[in-house]
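Trainee: Starting off with a structure, shown below.
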Amino acid sequence: MNTVNHSTANSDKTWVVWRIVDGNRGHEKQSQALIEGLALLVSVTTYDVPAIKGGVFHSLYCWISKQYPTVQGLPKPDLIIGTGHKTHASLLIARRCFGGKAVALMRPSLPLSWFDQTIIPSHDRVKDGPSVITSKGVLCPSAAQQADKGSLGLILLGGDSNAFSWNWPDVVAQIQAIVSATECSEWIISDSRRTPGKLEAQLGELTATCIHWRDVDSSWIQATLARCSQVWVSIDSTSMLYESLNSQAEVRVIELAAKKAHNKFMLGINQLEADGHTQTFSQWKDGQELSHGGIPLNDHYRCAKELLEKLG
């Protein structure tokens with residue numbers, strides 16, 4: 001079991017936080033971001049607790065018998081945090097067995113009223129309520145900025161999705177325009193699980209370092225963002241977009257054709273554009289100003305502050 005200690009001078013109390021983990025890197029990054037935000041406000045000790053496995057009937061048995069089989073010898077929690085459907089039953093069982101407040105990140109599959117608090121992205125359009133905190137998007141940890149960062153540019157590519165269609169010629173044309181028109185001395189381009197085809201073959205003679213997602217670990221994006229002066233993210237990759245927006249780089253969006261006229265991810269991105277945190281390739285090409293470029297979003301801090309205020 002993994003224990004992480006955070007300490008600040010803002011409170012005499014140390015909050016005991018159990019983080020329910022399901023093995024999903026993206027989910028655990030979101031809950032870690034909230035813990036990072038809490039640690040900027042209060043003293044926090046965190047314990048990672050595996051989600052209960054075995055399906056609905058086993059979870060129901062654990063609920064009725066008040067048993068959480070993987071927990072032994074931990075201090076009782078003040079907060080129990082989890083992200084993703086596989087953590088929801090475990091959040092409620094842990095609270096029933098040990099007390100504390102259950103906090104679900106992202107829109108839960110169970111009724112909102114079953115949790116003490118939920119933190120839900122605005123694009124899910126959930127009505128405000130006493131147990132709802134609205135985030136701008138996916139919560140992400142901060143990218144510590146290097147004092148000696150150079151003019152490094154980073155391009156993060158996704159792929160075909162339910163919301164957007166992937167078109168390599170159009171994507172390559174945008175990348176070529178970006179690389180040729182900006183003053184970055186070095187460009188890194190990275191793909192993802194969803195990126196179709198081989199990156200190097202599609203990019204041809206473009207001068208850039210190509211990084212395959214299988215060749216780097218989970219810390220690579222954070223470490224690279226800390227060195228960047230600007231970042232471009234394909235519009236389908238919302239998690240990478242919000243993670244980039246927690247750095248001090250200017251962040252912009254590579255455009256793809258939407259499969260539907262309206263989708264919930266575009267709602268969040270449109271609001272980020274309206275607030276000046278990012279802009280599309282077309283807006284950049286037209287010379288529009290990026291008013292809040294390079295200013296970290298820090299939504300994990302704002303949500304953590306609101307959470308503590310609501311919990312009293």
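Just so we're on the same page: first chain in the structure tokens is A, next is B, and so on; residues restart at 1 for each chain, and ligands are numbered from 1 in the order they show up.
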Skipping near chain neighbours, those fewer than 2 positions away, what residues fall within 12 Å of Asp170 (chain A) using only C-alpha atoms, listed as number ranges by chain?
Mentor: A: 165-168, 172-177, 202-203, 234, 254-257, 281
Trainee: When DSSP works through the backbone of this structure, what residues of region 2-90 of chain A end up as helix (DSSP H, G or I), shown as a VMD selection string?
Mentor: chain A and resid 25 to 39 55 to 65 85 to 90
Trainee: Quick one: write out the picked residues with N, CA, C and O atoms as a compact mmCIF listing (two decimals), in the first residue's frame?
Mentor:
```
# COMPACT_ATOMS: atom_id res chain seq x y z
N ARG A 25 -4.57 4.48 -15.21
CA ARG A 25 -3.60 5.58 -15.03
C ARG A 25 -4.28 6.95 -15.09
O ARG A 25 -3.99 7.84 -14.28
N GLY A 26 -5.21 7.12 -16.03
CA GLY A 26 -5.89 8.40 -16.17
C GLY A 26 -6.76 8.72 -14.97
O GLY A 26 -6.79 9.87 -14.49
N HIS A 27 -7.48 7.72 -14.45
CA HIS A 27 -8.32 7.93 -13.27
C HIS A 27 -7.47 8.31 -12.07
O HIS A 27 -7.81 9.24 -11.31
N GLU A 28 -6.38 7.61 -11.88
CA GLU A 28 -5.55 7.84 -10.70
C GLU A 28 -4.82 9.17 -10.78
O GLU A 28 -4.54 9.80 -9.76
N LYS A 29 -4.55 9.63 -11.99
CA LYS A 29 -3.93 10.95 -12.15
C LYS A 29 -4.90 12.04 -11.71
O LYS A 29 -4.50 13.05 -11.11
N GLN A 30 -6.20 11.85 -11.98
CA GLN A 30 -7.20 12.84 -11.57
C GLN A 30 -7.33 12.92 -10.05
O GLN A 30 -7.37 14.02 -9.47
N SER A 31 -7.40 11.76 -9.40
CA SER A 31 -7.51 11.79 -7.94
C SER A 31 -6.24 12.32 -7.30
O SER A 31 -6.28 13.03 -6.29
N GLN A 32 -5.09 12.02 -7.92
CA GLN A 32 -3.83 12.56 -7.40
C GLN A 32 -3.79 14.07 -7.54
O GLN A 32 -3.25 14.78 -6.68
N ALA A 33 -4.38 14.59 -8.61
CA ALA A 33 -4.44 16.04 -8.80
C ALA A 33 -5.24 16.70 -7.70
O ALA A 33 -4.85 17.75 -7.16
N LEU A 34 -6.38 16.11 -7.34
CA LEU A 34 -7.18 16.68 -6.25
C LEU A 34 -6.40 16.65 -4.94
O LEU A 34 -6.42 17.62 -4.16
N ILE A 35 -5.70 15.56 -4.69
CA ILE A 35 -4.89 15.46 -3.47
C ILE A 35 -3.79 16.52 -3.47
O ILE A 35 -3.50 17.15 -2.45
N GLU A 36 -3.20 16.76 -4.63
CA GLU A 36 -2.18 17.81 -4.74
C GLU A 36 -2.78 19.17 -4.41
O GLU A 36 -2.15 19.99 -3.72
N GLY A 37 -3.99 19.43 -4.89
CA GLY A 37 -4.66 20.68 -4.56
C GLY A 37 -4.95 20.80 -3.07
O GLY A 37 -4.76 21.86 -2.47
N LEU A 38 -5.40 19.72 -2.46
CA LEU A 38 -5.66 19.72 -1.02
C LEU A 38 -4.39 20.00 -0.23
O LEU A 38 -4.40 20.72 0.78
N ALA A 39 -3.28 19.42 -0.69
CA ALA A 39 -2.01 19.56 0.02
C ALA A 39 -1.47 20.99 -0.01
O ALA A 39 -0.61 21.34 0.79
N GLY A 55 -17.38 -7.97 -8.72
CA GLY A 55 -18.70 -7.72 -9.27
C GLY A 55 -19.72 -7.22 -8.27
O GLY A 55 -19.42 -6.99 -7.09
N VAL A 56 -20.94 -7.05 -8.76
CA VAL A 56 -22.01 -6.43 -7.99
C VAL A 56 -22.35 -7.24 -6.74
O VAL A 56 -22.51 -6.68 -5.64
N PHE A 57 -22.46 -8.57 -6.87
CA PHE A 57 -22.89 -9.38 -5.73
C PHE A 57 -21.86 -9.39 -4.62
O PHE A 57 -22.20 -9.36 -3.43
N HIS A 58 -20.57 -9.39 -5.00
CA HIS A 58 -19.52 -9.34 -3.97
C HIS A 58 -19.53 -7.98 -3.27
O HIS A 58 -19.37 -7.90 -2.04
N SER A 59 -19.73 -6.92 -4.04
CA SER A 59 -19.81 -5.58 -3.44
C SER A 59 -21.00 -5.49 -2.49
O SER A 59 -20.89 -4.90 -1.40
N LEU A 60 -22.12 -6.07 -2.90
CA LEU A 60 -23.30 -6.06 -2.04
C LEU A 60 -23.05 -6.83 -0.75
O LEU A 60 -23.46 -6.40 0.34
N TYR A 61 -22.34 -7.95 -0.86
CA TYR A 61 -21.99 -8.72 0.34
C TYR A 61 -21.10 -7.89 1.27
O TYR A 61 -21.30 -7.87 2.49
N CYS A 62 -20.11 -7.19 0.69
CA CYS A 62 -19.22 -6.36 1.51
C CYS A 62 -19.99 -5.23 2.19
O CYS A 62 -19.71 -4.87 3.34
N TRP A 63 -20.97 -4.67 1.47
CA TRP A 63 -21.79 -3.61 2.04
C TRP A 63 -22.61 -4.14 3.22
O TRP A 63 -22.62 -3.55 4.31
N ILE A 64 -23.29 -5.26 3.02
CA ILE A 64 -24.16 -5.81 4.07
C ILE A 64 -23.35 -6.25 5.28
O ILE A 64 -23.73 -5.99 6.43
N SER A 65 -22.20 -6.88 5.03
CA SER A 65 -21.39 -7.42 6.12
C SER A 65 -20.42 -6.39 6.70
O SER A 65 -19.70 -6.68 7.66
N HIS A 85 -16.00 4.49 -12.67
CA HIS A 85 -17.11 3.64 -12.23
C HIS A 85 -16.68 2.51 -11.32
O HIS A 85 -17.42 2.11 -10.41
N LYS A 86 -15.48 1.97 -11.54
CA LYS A 86 -15.03 0.82 -10.74
C LYS A 86 -14.72 1.19 -9.28
O LYS A 86 -14.52 0.30 -8.46
N THR A 87 -14.66 2.48 -8.99
CA THR A 87 -14.37 2.91 -7.62
C THR A 87 -15.62 3.27 -6.83
O THR A 87 -15.56 3.43 -5.61
N HIS A 88 -16.77 3.41 -7.49
CA HIS A 88 -17.94 3.99 -6.83
C HIS A 88 -18.46 3.13 -5.68
O HIS A 88 -18.70 3.63 -4.57
N ALA A 89 -18.65 1.83 -5.92
CA ALA A 89 -19.12 0.97 -4.83
C ALA A 89 -18.12 0.93 -3.69
O ALA A 89 -18.49 0.96 -2.51
N SER A 90 -16.83 0.92 -4.02
CA SER A 90 -15.79 0.88 -2.99
C SER A 90 -15.80 2.14 -2.14
O SER A 90 -15.56 2.08 -0.92
```
Trainee: Check region 92-206 of chain A with DSSP on the backbone and list each residue it calls strand (DSSP E or B), as number ranges by chain.
Mentor: A: 101-105, 117-121, 132-135, 152-156, 164-165, 186-190
Trainee: May I have the residues within 9 Å of region 109-126 of chain A as a ChimeraX atom specification, using only C-alpha atoms and disregarding those fewer than 5 positions away in the same chain?
Mentor: /A:84-85,88-89,91-92,101-104,131-139,263-269,303,307,310-311
Trainee: Those residues you just picked out, can you put them in a file as a compact mmCIF listing (two decimals), in the first residue's frame with N, CA and C atoms?
Mentor:
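Once written, part38.txt looks like this:
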```txt
# COMPACT_ATOMS: atom_id res chain seq x y z
N GLY A 84 -13.83 7.15 -11.51
CA GLY A 84 -14.20 6.07 -12.40
C GLY A 84 -15.22 5.12 -11.80
N HIS A 85 -16.00 4.49 -12.67
CA HIS A 85 -17.11 3.64 -12.23
C HIS A 85 -16.68 2.51 -11.32
N HIS A 88 -16.77 3.41 -7.49
CA HIS A 88 -17.94 3.99 -6.83
C HIS A 88 -18.46 3.13 -5.68
N ALA A 89 -18.65 1.83 -5.92
CA ALA A 89 -19.12 0.97 -4.83
C ALA A 89 -18.12 0.93 -3.69
N LEU A 91 -16.06 3.29 -2.75
CA LEU A 91 -16.17 4.54 -1.99
C LEU A 91 -17.26 4.42 -0.92
N LEU A 92 -18.40 3.91 -1.32
CA LEU A 92 -19.53 3.83 -0.40
C LEU A 92 -19.32 2.76 0.66
N LYS A 101 -15.81 11.09 4.51
CA LYS A 101 -16.63 11.66 3.45
C LYS A 101 -16.22 11.05 2.11
N ALA A 102 -17.21 10.58 1.35
CA ALA A 102 -16.95 9.95 0.05
C ALA A 102 -17.05 10.99 -1.06
N VAL A 103 -15.98 11.10 -1.85
CA VAL A 103 -15.90 12.11 -2.92
C VAL A 103 -15.63 11.40 -4.25
N ALA A 104 -16.57 11.51 -5.19
CA ALA A 104 -16.42 10.90 -6.51
C ALA A 104 -16.04 11.96 -7.54
N SER A 131 -24.15 18.81 -3.34
CA SER A 131 -23.09 17.80 -3.40
C SER A 131 -22.33 17.84 -4.73
N VAL A 132 -22.46 18.93 -5.49
CA VAL A 132 -21.83 19.03 -6.80
C VAL A 132 -20.84 20.19 -6.84
N ILE A 133 -19.60 19.89 -7.22
CA ILE A 133 -18.59 20.90 -7.52
C ILE A 133 -18.30 20.76 -9.01
N THR A 134 -18.39 21.85 -9.75
CA THR A 134 -18.18 21.80 -11.19
C THR A 134 -16.74 22.18 -11.53
N SER A 135 -16.03 21.26 -12.19
CA SER A 135 -14.67 21.54 -12.66
C SER A 135 -14.73 22.01 -14.11
N LYS A 136 -13.69 22.69 -14.55
CA LYS A 136 -13.64 23.15 -15.94
C LYS A 136 -13.49 21.96 -16.89
N GLY A 137 -12.85 20.91 -16.42
CA GLY A 137 -12.65 19.70 -17.22
C GLY A 137 -12.04 18.63 -16.34
N VAL A 138 -11.20 17.80 -16.95
CA VAL A 138 -10.50 16.75 -16.20
C VAL A 138 -9.49 17.38 -15.26
N LEU A 139 -9.47 16.97 -13.99
CA LEU A 139 -8.47 17.49 -13.06
C LEU A 139 -7.11 16.89 -13.37
N ASN A 263 -21.03 18.22 -29.39
CA ASN A 263 -20.68 17.16 -28.45
C ASN A 263 -20.18 17.79 -27.16
N LYS A 264 -20.25 17.03 -26.08
CA LYS A 264 -19.99 17.62 -24.77
C LYS A 264 -18.55 18.08 -24.61
N PHE A 265 -17.60 17.43 -25.31
CA PHE A 265 -16.20 17.84 -25.17
C PHE A 265 -15.97 19.21 -25.78
N MET A 266 -16.67 19.50 -26.89
CA MET A 266 -16.52 20.80 -27.52
C MET A 266 -17.04 21.92 -26.63
N LEU A 267 -18.05 21.62 -25.80
CA LEU A 267 -18.57 22.64 -24.89
C LEU A 267 -17.47 23.14 -23.96
N GLY A 268 -16.72 22.19 -23.38
CA GLY A 268 -15.63 22.57 -22.49
C GLY A 268 -14.52 23.30 -23.21
N ILE A 269 -14.17 22.82 -24.41
CA ILE A 269 -13.09 23.46 -25.17
C ILE A 269 -13.51 24.86 -25.62
N CYS A 303 -10.90 23.48 -7.09
CA CYS A 303 -11.86 22.46 -6.67
C CYS A 303 -11.55 21.96 -5.25
N LEU A 307 -14.03 22.18 -2.11
CA LEU A 307 -14.36 20.96 -1.38
C LEU A 307 -14.19 21.16 0.12
N LYS A 310 -16.97 23.34 1.50
CA LYS A 310 -18.26 22.65 1.60
C LYS A 310 -18.27 21.66 2.77
N LEU A 311 -17.13 21.06 3.05
CA LEU A 311 -17.07 20.09 4.13
C LEU A 311 -16.94 20.76 5.49
```
Trainee: Measuring between only C-alpha atoms, which one of A:Lys259, A:Arg194, A:Arg227, A:Arg19 shows the shortest distance to Ser151 (chain A)?
Mentor: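 Nearest candidate to Ser151 (chain A) out of A:Lys259, A:Arg194, A:Arg227, A:Arg19: A:Arg227.
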Trainee: Just to confirm, what's the straight-line distance from CA of Tyr68 (chain A) to CA of Val16 (chain A) in Å (one decimal)?
Mentor: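 CA of Val16 (chain A) lies 17.3 Å from CA of Tyr68 (chain A).
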Trainee: Could you work out how far CA of Lys13 (chain A) lies from CA of Val44 (chain A), giving the answer in Å with one decimal?
Mentor: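 CA of Lys13 (chain A) lies at a distance of 8.6 Å from CA of Val44 (chain A).
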Trainee: Interatomic distance between CA of Asn270 (chain A) and CA of Cys140 (chain A)?
Mentor: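 Here the two named atoms are 18.9 Å from each other.
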